[in-house]
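Colleague: Provided below: final-v7.cif, containing mmCIF, C-alpha atoms and all ligand atoms.
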data_final
loop_
_atom_site.label_atom_id
_atom_site.label_comp_id
_atom_site.auth_asym_id
_atom_site.auth_seq_id
_atom_site.Cartn_x
_atom_site.Cartn_y
_atom_site.Cartn_z
CA MET A 1 114.92 104.49 109.31
CA ARG A 2 111.77 104.25 111.38
CA VAL A 3 109.11 103.09 108.94
CA LEU A 4 105.39 102.92 109.68
CA VAL A 5 103.42 100.49 107.52
CA THR A 6 99.65 100.93 107.68
CA GLY A 7 97.88 97.77 106.55
CA GLY A 8 101.14 95.94 107.23
CA ALA A 9 99.39 92.66 108.04
CA GLY A 10 97.80 92.41 104.59
CA TYR A 11 98.74 90.70 101.33
CA ILE A 12 101.42 93.24 100.36
CA GLY A 13 102.25 94.31 103.92
CA SER A 14 103.13 90.86 105.25
CA THR A 15 105.50 90.44 102.26
CA LEU A 16 106.98 93.93 102.60
CA VAL A 17 107.55 94.02 106.37
CA PRO A 18 110.26 91.27 106.41
CA MET A 19 112.03 93.03 103.51
CA LEU A 20 112.13 96.30 105.47
CA LEU A 21 113.37 94.52 108.61
CA HIS A 22 116.03 92.76 106.54
CA LYS A 23 117.22 96.17 105.34
CA GLY A 24 117.69 97.18 108.99
CA HIS A 25 114.66 99.47 109.33
CA GLU A 26 112.67 99.74 112.56
CA VAL A 27 109.17 98.84 111.44
CA THR A 28 105.85 99.68 113.07
CA VAL A 29 102.79 97.97 111.63
CA TYR A 30 99.52 99.85 112.19
CA ASP A 31 96.62 97.67 111.13
CA ASN A 32 93.12 96.93 112.38
CA LEU A 33 94.07 93.25 111.91
CA CYS A 34 90.80 92.41 110.19
CA TRP A 35 92.51 89.31 108.76
CA GLY A 36 94.25 88.55 112.07
CA VAL A 37 97.88 88.85 113.15
CA TYR A 38 98.95 85.48 111.69
CA PRO A 39 100.46 86.94 108.52
CA LEU A 40 103.06 88.69 110.69
CA LEU A 41 104.10 85.73 112.84
CA HIS A 42 107.04 84.93 110.57
CA ALA A 43 108.45 88.43 111.14
CA ALA A 44 107.52 88.90 114.80
CA TYR A 45 110.75 87.32 116.11
CA ASP A 46 112.56 90.46 114.93
CA THR A 47 113.08 92.94 117.79
CA LYS A 48 112.84 95.81 115.28
CA LEU A 49 109.15 95.02 114.62
CA ARG A 50 106.33 96.64 116.60
CA ILE A 51 102.66 95.83 115.94
CA ILE A 52 99.83 98.22 116.80
CA GLN A 53 96.18 97.30 116.32
CA GLY A 54 94.49 100.49 115.19
CA ASP A 55 92.24 102.06 112.61
CA VAL A 56 93.40 104.72 110.14
CA ASN A 57 90.02 106.37 110.73
CA ASP A 58 91.19 107.18 114.27
CA ARG A 59 92.67 110.58 113.42
CA LYS A 60 94.37 111.32 116.71
CA ARG A 61 95.84 107.86 117.19
CA ILE A 62 97.34 107.61 113.72
CA ALA A 63 98.78 111.13 114.10
CA ASP A 64 100.37 110.14 117.41
CA VAL A 65 101.85 106.96 115.92
CA MET A 66 103.17 108.85 112.88
CA ALA A 67 104.85 111.57 114.95
CA ASP A 68 108.26 109.92 115.44
CA GLN A 69 108.45 108.08 112.11
CA ASP A 70 110.80 108.88 109.23
CA ALA A 71 108.61 107.27 106.59
CA ILE A 72 105.02 106.08 106.23
CA ILE A 73 104.02 103.41 103.75
CA HIS A 74 100.25 103.63 103.55
CA LEU A 75 98.71 100.33 102.45
CA ALA A 76 95.63 100.14 104.71
CA ALA A 77 92.49 100.15 102.62
CA ILE A 78 89.31 98.34 101.77
CA VAL A 79 90.69 96.66 98.68
CA GLY A 80 88.92 95.78 95.45
CA TYR A 81 85.51 96.84 94.14
CA PRO A 82 83.56 93.89 95.59
CA ALA A 83 84.79 94.61 99.13
CA CYS A 84 84.10 98.36 98.73
CA ASP A 85 80.62 97.79 97.33
CA SER A 86 79.71 95.48 100.21
CA ASN A 87 80.32 98.26 102.78
CA PRO A 88 80.55 101.60 100.93
CA ASP A 89 80.54 103.85 104.01
CA TYR A 90 83.40 102.05 105.70
CA ALA A 91 85.28 101.83 102.39
CA LEU A 92 84.97 105.57 101.82
CA GLY A 93 85.90 106.22 105.45
CA THR A 94 89.03 104.10 105.25
CA ASN A 95 90.18 104.87 101.72
CA ILE A 96 89.43 108.60 101.73
CA SER A 97 89.14 109.91 105.32
CA GLY A 98 91.80 107.48 106.57
CA THR A 99 94.19 108.65 103.86
CA LYS A 100 93.32 112.29 104.62
CA ASN A 101 94.20 111.68 108.28
CA ILE A 102 97.63 110.47 107.18
CA ALA A 103 98.23 113.20 104.60
CA ASP A 104 97.19 115.88 107.10
CA SER A 105 99.51 114.50 109.79
CA LYS A 106 102.56 114.20 107.53
CA SER A 107 105.36 116.58 108.45
CA SER A 108 107.48 118.15 105.72
CA ASN A 109 110.51 115.94 106.40
CA GLN A 110 108.58 112.65 106.42
CA ILE A 111 108.42 110.34 103.41
CA LEU A 112 104.92 109.16 102.49
CA ILE A 113 104.38 106.33 100.00
CA PHE A 114 100.84 105.43 99.01
CA ALA A 115 99.58 102.17 97.47
CA SER A 116 97.49 103.38 94.55
CA THR A 117 96.10 101.26 91.77
CA GLY A 118 95.65 100.94 88.02
CA SER A 119 91.91 100.93 88.79
CA CYS A 120 92.25 104.75 88.99
CA TYR A 121 92.51 104.79 85.18
CA GLY A 122 89.09 103.29 84.50
CA ALA A 123 88.48 102.54 80.82
CA ILE A 124 91.18 104.13 78.65
CA LYS A 125 91.79 103.68 74.94
CA ASP A 126 95.47 104.54 74.58
CA ILE A 127 98.46 103.38 76.58
CA GLY A 128 98.12 104.77 80.11
CA THR A 129 100.98 106.93 81.30
CA GLU A 130 101.21 108.93 84.51
CA GLU A 131 99.92 111.91 82.50
CA THR A 132 96.72 110.13 81.43
CA LYS A 133 93.59 111.61 83.00
CA LEU A 134 92.24 109.40 85.79
CA GLN A 135 88.65 108.32 85.16
CA PRO A 136 87.94 105.74 87.84
CA LEU A 137 84.60 103.98 87.53
CA SER A 138 84.08 101.92 90.67
CA LEU A 139 83.81 103.14 94.25
CA TYR A 140 87.16 101.46 94.88
CA GLY A 141 88.88 103.22 91.97
CA LYS A 142 87.32 106.59 92.87
CA SER A 143 88.31 106.32 96.54
CA LYS A 144 91.90 105.38 95.66
CA ALA A 145 92.15 108.25 93.12
CA GLN A 146 91.03 110.71 95.80
CA GLY A 147 93.51 109.23 98.25
CA GLU A 148 96.26 109.58 95.69
CA GLU A 149 95.44 113.24 95.10
CA MET A 150 95.68 114.01 98.82
CA VAL A 151 98.99 112.19 99.14
CA LEU A 152 100.54 113.94 96.12
CA SER A 153 99.38 117.34 97.39
CA VAL A 154 101.57 116.95 100.48
CA GLY A 155 104.62 115.72 98.53
CA GLY A 156 103.96 112.00 98.93
CA ILE A 157 104.62 109.30 96.33
CA ALA A 158 101.80 107.31 94.73
CA LEU A 159 102.59 103.86 93.35
CA ARG A 160 99.87 102.78 90.92
CA LEU A 161 100.18 99.05 91.20
CA ALA A 162 99.25 96.52 88.56
CA THR A 163 97.02 93.62 89.65
CA LEU A 164 99.16 91.46 91.90
CA PHE A 165 99.58 87.71 92.01
CA GLY A 166 101.55 85.13 93.92
CA LEU A 167 102.00 83.75 97.40
CA SER A 168 101.99 85.91 100.50
CA PRO A 169 101.70 85.09 104.21
CA ARG A 170 98.25 86.78 104.03
CA MET A 171 97.07 84.94 100.96
CA ARG A 172 94.50 86.46 98.64
CA LEU A 173 92.67 84.15 96.26
CA ASP A 174 90.33 86.85 94.94
CA LEU A 175 93.10 88.26 92.71
CA LEU A 176 92.71 87.26 89.07
CA ILE A 177 95.76 85.05 88.50
CA ASN A 178 95.53 83.47 91.96
CA ASP A 179 91.81 82.76 91.50
CA LEU A 180 92.24 81.30 88.01
CA THR A 181 95.16 79.13 89.13
CA PHE A 182 93.19 77.82 92.10
CA LYS A 183 90.24 76.95 89.87
CA ALA A 184 92.47 75.36 87.24
CA PHE A 185 94.13 73.21 89.88
CA THR A 186 91.12 72.21 91.97
CA CYS A 187 88.22 72.18 89.46
CA LYS A 188 90.33 71.37 86.37
CA HIS A 189 88.27 74.05 84.65
CA ILE A 190 88.50 77.82 84.31
CA ASN A 191 85.48 80.00 83.58
CA PHE A 192 86.61 83.52 82.81
CA TYR A 193 84.99 86.58 81.30
CA GLU A 194 86.07 89.44 79.04
CA GLY A 195 89.03 87.39 77.80
CA GLY A 196 90.08 90.09 75.36
CA CYS A 197 90.50 92.74 78.09
CA ARG A 198 94.08 93.89 78.50
CA ARG A 199 95.37 93.98 82.04
CA THR A 200 98.62 94.58 83.89
CA PHE A 201 100.12 92.16 86.41
CA LEU A 202 102.94 92.05 88.95
CA HIS A 203 104.13 89.55 91.54
CA VAL A 204 103.45 90.60 95.14
CA ARG A 205 107.16 90.37 96.04
CA ASP A 206 108.01 92.65 93.12
CA ALA A 207 105.31 95.05 94.38
CA ALA A 208 106.82 94.98 97.87
CA ARG A 209 110.25 95.67 96.30
CA ALA A 210 108.75 98.73 94.62
CA PHE A 211 107.93 100.22 98.05
CA VAL A 212 111.49 99.58 99.21
CA PHE A 213 112.71 101.16 95.95
CA ALA A 214 110.53 104.25 96.52
CA LEU A 215 111.80 104.54 100.09
CA GLU A 216 115.38 104.51 98.84
CA ASN A 217 114.68 106.94 95.98
CA ALA A 218 112.18 109.18 97.76
CA ASN A 219 114.04 112.40 97.02
CA SER A 220 113.70 112.04 93.28
CA MET A 221 110.23 110.47 93.39
CA LYS A 222 108.39 112.72 95.86
CA GLY A 223 105.23 114.50 94.79
CA GLN A 224 104.75 112.16 91.83
CA ALA A 225 102.75 109.13 90.72
CA TYR A 226 104.37 106.08 89.15
CA ASN A 227 102.87 103.10 87.37
CA ILE A 228 104.35 99.98 88.96
CA GLY A 229 104.57 96.89 86.82
CA ASP A 230 106.36 95.84 83.67
CA GLU A 231 105.36 95.90 79.99
CA LYS A 232 106.29 92.22 79.76
CA LEU A 233 103.35 91.48 82.08
CA ASN A 234 100.82 93.53 80.08
CA MET A 235 98.50 90.91 78.60
CA THR A 236 94.89 89.95 78.01
CA LYS A 237 93.00 87.73 80.42
CA LEU A 238 92.94 85.05 77.72
CA GLN A 239 96.75 85.15 77.50
CA VAL A 240 96.92 84.69 81.28
CA VAL A 241 94.59 81.71 81.05
CA GLN A 242 96.77 80.23 78.31
CA ARG A 243 99.88 80.56 80.48
CA ILE A 244 98.14 78.79 83.35
CA HIS A 245 96.90 76.16 80.91
CA ASN A 246 100.48 75.57 79.70
CA LEU A 247 101.40 74.63 83.29
CA LEU A 248 98.18 72.68 83.91
CA PRO A 249 97.36 71.17 80.51
CA ASP A 250 94.66 68.88 81.93
CA CYS A 251 92.35 71.81 82.73
CA THR A 252 89.75 73.13 80.29
CA PHE A 253 88.67 76.75 79.96
CA ALA A 254 85.69 78.74 78.71
CA ASN A 255 85.11 82.44 78.12
CA ILE A 256 81.66 83.19 79.59
CA SER A 257 79.63 86.34 78.99
CA SER A 258 77.48 86.54 82.13
CA GLU A 259 79.92 88.63 84.20
CA SER A 260 81.81 91.88 83.75
CA ASP A 261 84.46 93.95 85.50
CA LYS A 262 83.04 96.99 87.32
CA ASP A 263 86.36 98.80 87.02
CA LYS A 264 86.13 98.23 83.21
CA ARG A 265 89.83 97.46 83.30
CA ASP A 266 90.90 97.10 79.70
CA TYR A 267 94.11 98.99 79.27
CA GLU A 268 97.74 98.87 78.50
CA VAL A 269 99.99 100.78 80.85
CA SER A 270 103.45 102.24 80.29
CA PHE A 271 106.00 101.56 83.02
CA LYS A 272 108.70 103.66 81.40
CA LYS A 273 108.81 106.29 84.14
CA ILE A 274 109.71 103.84 86.93
CA SER A 275 111.94 101.66 84.73
CA GLN A 276 113.99 104.74 83.81
CA LEU A 277 114.78 105.09 87.51
CA GLY A 278 116.02 101.48 87.60
CA TYR A 279 113.05 99.48 88.92
CA HIS A 280 112.24 96.27 87.02
CA HIS A 281 110.14 93.26 87.85
CA LYS A 282 111.90 89.94 88.52
CA ILE A 283 109.21 87.28 88.86
CA SER A 284 107.34 85.83 85.89
CA ILE A 285 103.73 84.66 85.87
CA GLU A 286 104.97 81.07 85.43
CA GLN A 287 107.16 81.32 88.54
CA GLY A 288 104.32 82.83 90.57
CA VAL A 289 101.87 80.15 89.41
CA ASN A 290 104.33 77.35 90.15
CA GLU A 291 104.84 78.70 93.68
CA MET A 292 101.09 78.62 94.27
CA LEU A 293 100.82 75.11 92.88
CA LYS A 294 103.06 73.95 95.74
CA VAL A 295 100.43 74.92 98.33
CA PHE A 296 97.11 74.55 96.51
CA PRO A 297 96.97 70.76 97.11
CA PHE A 298 96.49 71.62 100.78
CA ILE A 299 93.63 74.15 100.40
CA THR A 300 90.24 72.54 99.96
CA ILE A 301 87.40 73.85 97.80
CA GLY A 302 85.23 76.03 100.06
CA GLU A 303 88.19 76.87 102.30
CA GLN A 304 89.49 79.27 99.64
CA ILE A 305 86.70 81.72 100.56
CA LYS A 306 88.59 82.72 103.69
CA TYR A 307 91.33 84.06 101.41
CA PHE A 308 88.90 86.39 99.64
CA ASN A 309 88.64 90.11 100.43
CA VAL A 310 84.82 89.97 100.68
N1 LIG B 401 96.71 93.46 95.77
C1 LIG B 401 96.61 94.15 94.64
O1 LIG B 401 96.52 93.59 93.52
C2 LIG B 401 96.64 95.66 94.69
C3 LIG B 401 96.70 96.33 93.46
C4 LIG B 401 96.70 97.71 93.47
C5 LIG B 401 96.70 98.40 94.67
N2 LIG B 401 96.65 97.73 95.85
C6 LIG B 401 96.66 98.52 97.08
O2 LIG B 401 97.63 97.98 97.97
C7 LIG B 401 97.17 98.15 99.33
C8 LIG B 401 97.25 96.82 100.06
O3 LIG B 401 96.47 95.85 99.39
P1 LIG B 401 96.48 94.31 99.79
O4 LIG B 401 96.30 93.54 98.54
O5 LIG B 401 97.64 94.06 100.67
O6 LIG B 401 95.12 94.22 100.60
P2 LIG B 401 94.76 93.51 102.00
O7 LIG B 401 93.28 93.60 102.14
O8 LIG B 401 95.40 92.17 102.06
O9 LIG B 401 95.46 94.43 103.06
C9 LIG B 401 94.87 95.61 103.58
C10 LIG B 401 95.27 95.70 105.03
O10 LIG B 401 94.71 96.92 105.55
C11 LIG B 401 94.12 96.65 106.80
N3 LIG B 401 93.04 97.61 107.01
C12 LIG B 401 91.87 97.67 106.34
N4 LIG B 401 91.12 98.70 106.80
C13 LIG B 401 91.85 99.29 107.77
C14 LIG B 401 91.62 100.41 108.62
N5 LIG B 401 90.48 101.11 108.55
N6 LIG B 401 92.59 100.74 109.51
C15 LIG B 401 93.74 100.02 109.61
N7 LIG B 401 94.00 98.95 108.84
C16 LIG B 401 93.07 98.59 107.92
C17 LIG B 401 93.64 95.20 106.73
O11 LIG B 401 93.54 94.61 108.02
C18 LIG B 401 94.73 94.55 105.89
O12 LIG B 401 95.75 94.01 106.69
C19 LIG B 401 95.77 98.74 99.25
O13 LIG B 401 95.88 100.12 99.48
C20 LIG B 401 95.34 98.48 97.82
O14 LIG B 401 94.43 99.44 97.37
C21 LIG B 401 96.63 96.37 95.89
#
Can you give me the file's structure in the form of structure tokens?
Ligand SMILES: NC(=O)c1ccc[n+]([C@@H]2O[C@H](COP(=O)([O-])OP(=O)(O)OC[C@H]3O[C@@H](n4cnc5c(N)ncnc54)[C@H](O)[C@@H]3O)[C@@H](O)[C@H]2O)c1
Modeller:
Amino acid sequence: MRVLVTGGAGYIGSTLVPMLLHKGHEVTVYDNLCWGVYPLLHAAYDTKLRIIQGDVNDRKRIADVMADQDAIIHLAAIVGYPACDSNPDYALGTNISGTKNIADSKSSNQILIFASTGSCYGAIKDIGTEETKLQPLSLYGKSKAQGEEMVLSVGGIALRLATLFGLSPRMRLDLLINDLTFKAFTCKHINFYEGGCRRTFLHVRDAARAFVFALENANSMKGQAYNIGDEKLNMTKLQVVQRIHNLLPDCTFANISSESDKDKRDYEVSFKKISQLGYHHKISIEQGVNEMLKVFPFITIGEQIKYFNV
């Protein structure tokens, strides 16, 4: 298949692209390369990979690039509430208008898979299922919920991803587990907040596998949203800290009260719908943390900022 991956040079994209190439797909990455092209170097030897530097806000260009594709995996976004809040106009442009450009240009026989997020749920009391009303709180959550609606209205698939963790060629250290592990390793101390909040987690390679899964099961999944994660990785922030602490027993930790999550993420999510189709996670938090601990000795304090999304 010819598969277009917007945002293909990012944290998920640079993990997903080699998987798609390995499956034999012809892959076009369309990305403004705001983090550079380096995350794709390991895949660029493959003759089936094409890289285009472009913006999803460029309506005509993205439509032209989409025209001869069989499937579009739309990852490009301004990701996370801090990044969105630091440039709201560009975030809304990319996450809403950019997604509209793609939804509008989709032809009826093309597959469209959208990276949505659990942040669309906002604060919910019960276990979130795909039927739960979306009540996003942050600009990020709201913009992704609008994007999801546009994608579903044209028969696309929305994957509502848990919070990801783990190593990727485009590393992100602003993600909760990655950030806590880095602090535990380098500072020997973890300050965290809202330890009782329940969150959902998933390894970035398992997330990338979910896009491949959706591509291969698009007929039965089209027009629908799916929570992507696994009940086994539903846990509180404090439980995450304890797991990291088990692997790094020398570090200390403290629950502080001076910060809070703008997305008010405190929820349990059901992953029954996707697991019934046969998708399951493979990588545990311990495995993901251990992988990161192999490289953290070579990232200095201060340098980690360049792996943040703001
Ligand atoms: N990482 C997570 O935990 C997580 C969780 C839920 C959902 N998501 C979603 O997954 C997708 C990918 O996230 P990520 O973690 O890989 O983030 P990322 O920031 O690493 O990747 C985003 C990519 O999009 C590109 N991009 C940004 N604006 C663009 C524009 N206007 N035009 C073209 N390209 C542009 C960037 O250059 C980057 O390569 C996003 O849609 C995000 O909302 C991520």
Colleague: For region 65-70 of chain A, work out the shell of residues within 6 Å, counting all atoms listed in the file and skipping chain neighbours fewer than 2 positions away, then give it as a list of chain:residue names.
Modeller: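 Result of the neighbour search: A:Arg2, A:Val3, A:Ile62, A:Ala63, A:Gln110.
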Colleague: Record the distance separating CA of Asn227 (chain A) and CA of Ser270 (chain A), expressed in Å with one decimal.
Modeller: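 A separation of 7.2 Å between them.
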Colleague: For ligand LIG 401 (chain B), collect every residue having any atom at a distance of at most 7 Å from a ligand atom (counting only C-alpha atoms and all ligand atoms); output as a ChimeraX atom specification.
Modeller: /A:6-13,30-35,54-57,74-80,94,98,115-118,144,160-165,170,172,175,309
Colleague: Quick one: residues within 7 Å of Cys120 (chain A), all atoms listed in the file counted, chain neighbours fewer than 5 positions away excluded, as a ChimeraX atom specification?
Modeller: /A:134-136,141-142,144-145
Colleague: Measuring between only C-alpha atoms, which one of A:Ile274, A:Leu173, A:Ile256, A:Ala207 shows the shortest distance to Tyr226 (chain A)?
Modeller: A:Ile274
Colleague: What gap, in Å, lies between CA of Phe192 (chain A) and CA of Asp179 (chain A)?
Modeller: 10.2 Å
Colleague: Extending 3 Å beyond the listed atoms of region 144-151 of chain A on each side, what axis-aligned box results? I want centre and edge lengths in Å to one decimal, as JSON.
Modeller:
{"center_x": 95.0, "center_y": 109.7, "center_z": 96.1, "size_x": 14.0, "size_y": 14.6, "size_z": 12.0}
Colleague: Measuring between all atoms listed in the file, which one of A:Lys306, A:Lys100, A:Lys237, A:His203 shows the shortest distance to Val151 (chain A)?
Modeller: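 When distances to Val151 (chain A) are compared using all atoms listed in the file, the smallest one comes from A:Lys100.
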Colleague: Could you name the residues that touch Asn87 (chain A) at 10 Å or less, counting all atoms listed in the file, but leaving out those on the same chain fewer than 4 positions away, as a tab-separated table (two decimals) with C-alpha atoms, in the coordinates of the input?
Modeller:
chain	number	residue	atom	x	y	z
A	78	ILE	CA	89.31	98.34	101.77
A	82	PRO	CA	83.56	93.89	95.59
A	83	ALA	CA	84.79	94.61	99.13
A	91	ALA	CA	85.28	101.83	102.39
A	92	LEU	CA	84.97	105.57	101.82
A	310	VAL	CA	84.82	89.97	100.68
Colleague: Can you give me all heavy atoms for region 252-262 of chain A, written as a compact mmCIF listing (two decimals), in the frame of the given file?
Modeller:
# COMPACT_ATOMS: atom_id res chain seq x y z
N THR A 252 90.44 72.54 81.45
CA THR A 252 89.75 73.13 80.29
C THR A 252 89.40 74.57 80.64
O THR A 252 89.39 74.94 81.82
CB THR A 252 88.47 72.35 79.98
OG1 THR A 252 87.68 72.29 81.19
CG2 THR A 252 88.78 70.94 79.52
N PHE A 253 89.07 75.37 79.64
CA PHE A 253 88.67 76.75 79.96
C PHE A 253 87.60 77.26 79.01
O PHE A 253 87.51 76.80 77.87
CB PHE A 253 89.87 77.69 80.04
CG PHE A 253 90.78 77.72 78.84
CD1 PHE A 253 90.57 78.63 77.82
CD2 PHE A 253 91.85 76.85 78.74
CE1 PHE A 253 91.42 78.67 76.72
CE2 PHE A 253 92.70 76.88 77.64
CZ PHE A 253 92.48 77.80 76.63
N ALA A 254 86.78 78.19 79.53
CA ALA A 254 85.69 78.74 78.71
C ALA A 254 85.51 80.21 79.03
O ALA A 254 85.52 80.61 80.20
CB ALA A 254 84.39 77.99 79.03
N ASN A 255 85.36 81.01 77.97
CA ASN A 255 85.11 82.44 78.12
C ASN A 255 83.60 82.62 78.24
O ASN A 255 82.88 82.34 77.29
CB ASN A 255 85.66 83.16 76.88
CG ASN A 255 85.82 84.65 77.10
OD1 ASN A 255 85.36 85.20 78.10
ND2 ASN A 255 86.48 85.32 76.18
N ILE A 256 83.11 83.04 79.40
CA ILE A 256 81.66 83.19 79.59
C ILE A 256 81.28 84.67 79.48
O ILE A 256 82.13 85.55 79.66
CB ILE A 256 81.21 82.62 80.96
CG1 ILE A 256 82.00 83.27 82.10
CG2 ILE A 256 81.34 81.11 81.00
CD1 ILE A 256 81.41 83.05 83.46
N SER A 257 80.00 84.93 79.22
CA SER A 257 79.63 86.34 78.99
C SER A 257 78.73 86.90 80.08
O SER A 257 78.27 88.02 80.01
CB SER A 257 78.93 86.46 77.64
OG SER A 257 77.85 85.55 77.63
N SER A 258 78.47 86.10 81.15
CA SER A 258 77.48 86.54 82.13
C SER A 258 78.04 87.49 83.19
O SER A 258 77.31 88.01 84.01
CB SER A 258 76.87 85.32 82.82
OG SER A 258 77.90 84.50 83.32
N GLU A 259 79.35 87.74 83.20
CA GLU A 259 79.92 88.63 84.20
C GLU A 259 80.71 89.74 83.53
O GLU A 259 81.11 89.62 82.37
CB GLU A 259 80.84 87.86 85.15
CG GLU A 259 80.09 86.98 86.14
CD GLU A 259 81.04 86.28 87.11
OE1 GLU A 259 81.74 86.97 87.86
OE2 GLU A 259 81.06 85.05 87.08
N SER A 260 80.95 90.82 84.30
CA SER A 260 81.81 91.88 83.75
C SER A 260 82.55 92.57 84.89
O SER A 260 82.15 92.47 86.05
CB SER A 260 80.97 92.89 82.96
OG SER A 260 80.10 93.55 83.84
N ASP A 261 83.60 93.28 84.52
CA ASP A 261 84.46 93.95 85.50
C ASP A 261 83.92 95.36 85.75
O ASP A 261 83.83 96.16 84.83
CB ASP A 261 85.88 94.00 84.94
CG ASP A 261 86.84 94.72 85.85
OD1 ASP A 261 86.55 94.84 87.05
OD2 ASP A 261 87.88 95.18 85.35
N LYS A 262 83.60 95.67 87.01
CA LYS A 262 83.04 96.99 87.32
C LYS A 262 84.05 98.11 87.10
O LYS A 262 83.69 99.26 86.89
CB LYS A 262 82.58 97.02 88.77
CG LYS A 262 81.11 96.79 88.94
CD LYS A 262 80.63 97.38 90.24
CE LYS A 262 79.14 97.23 90.34
NZ LYS A 262 78.65 97.65 91.64
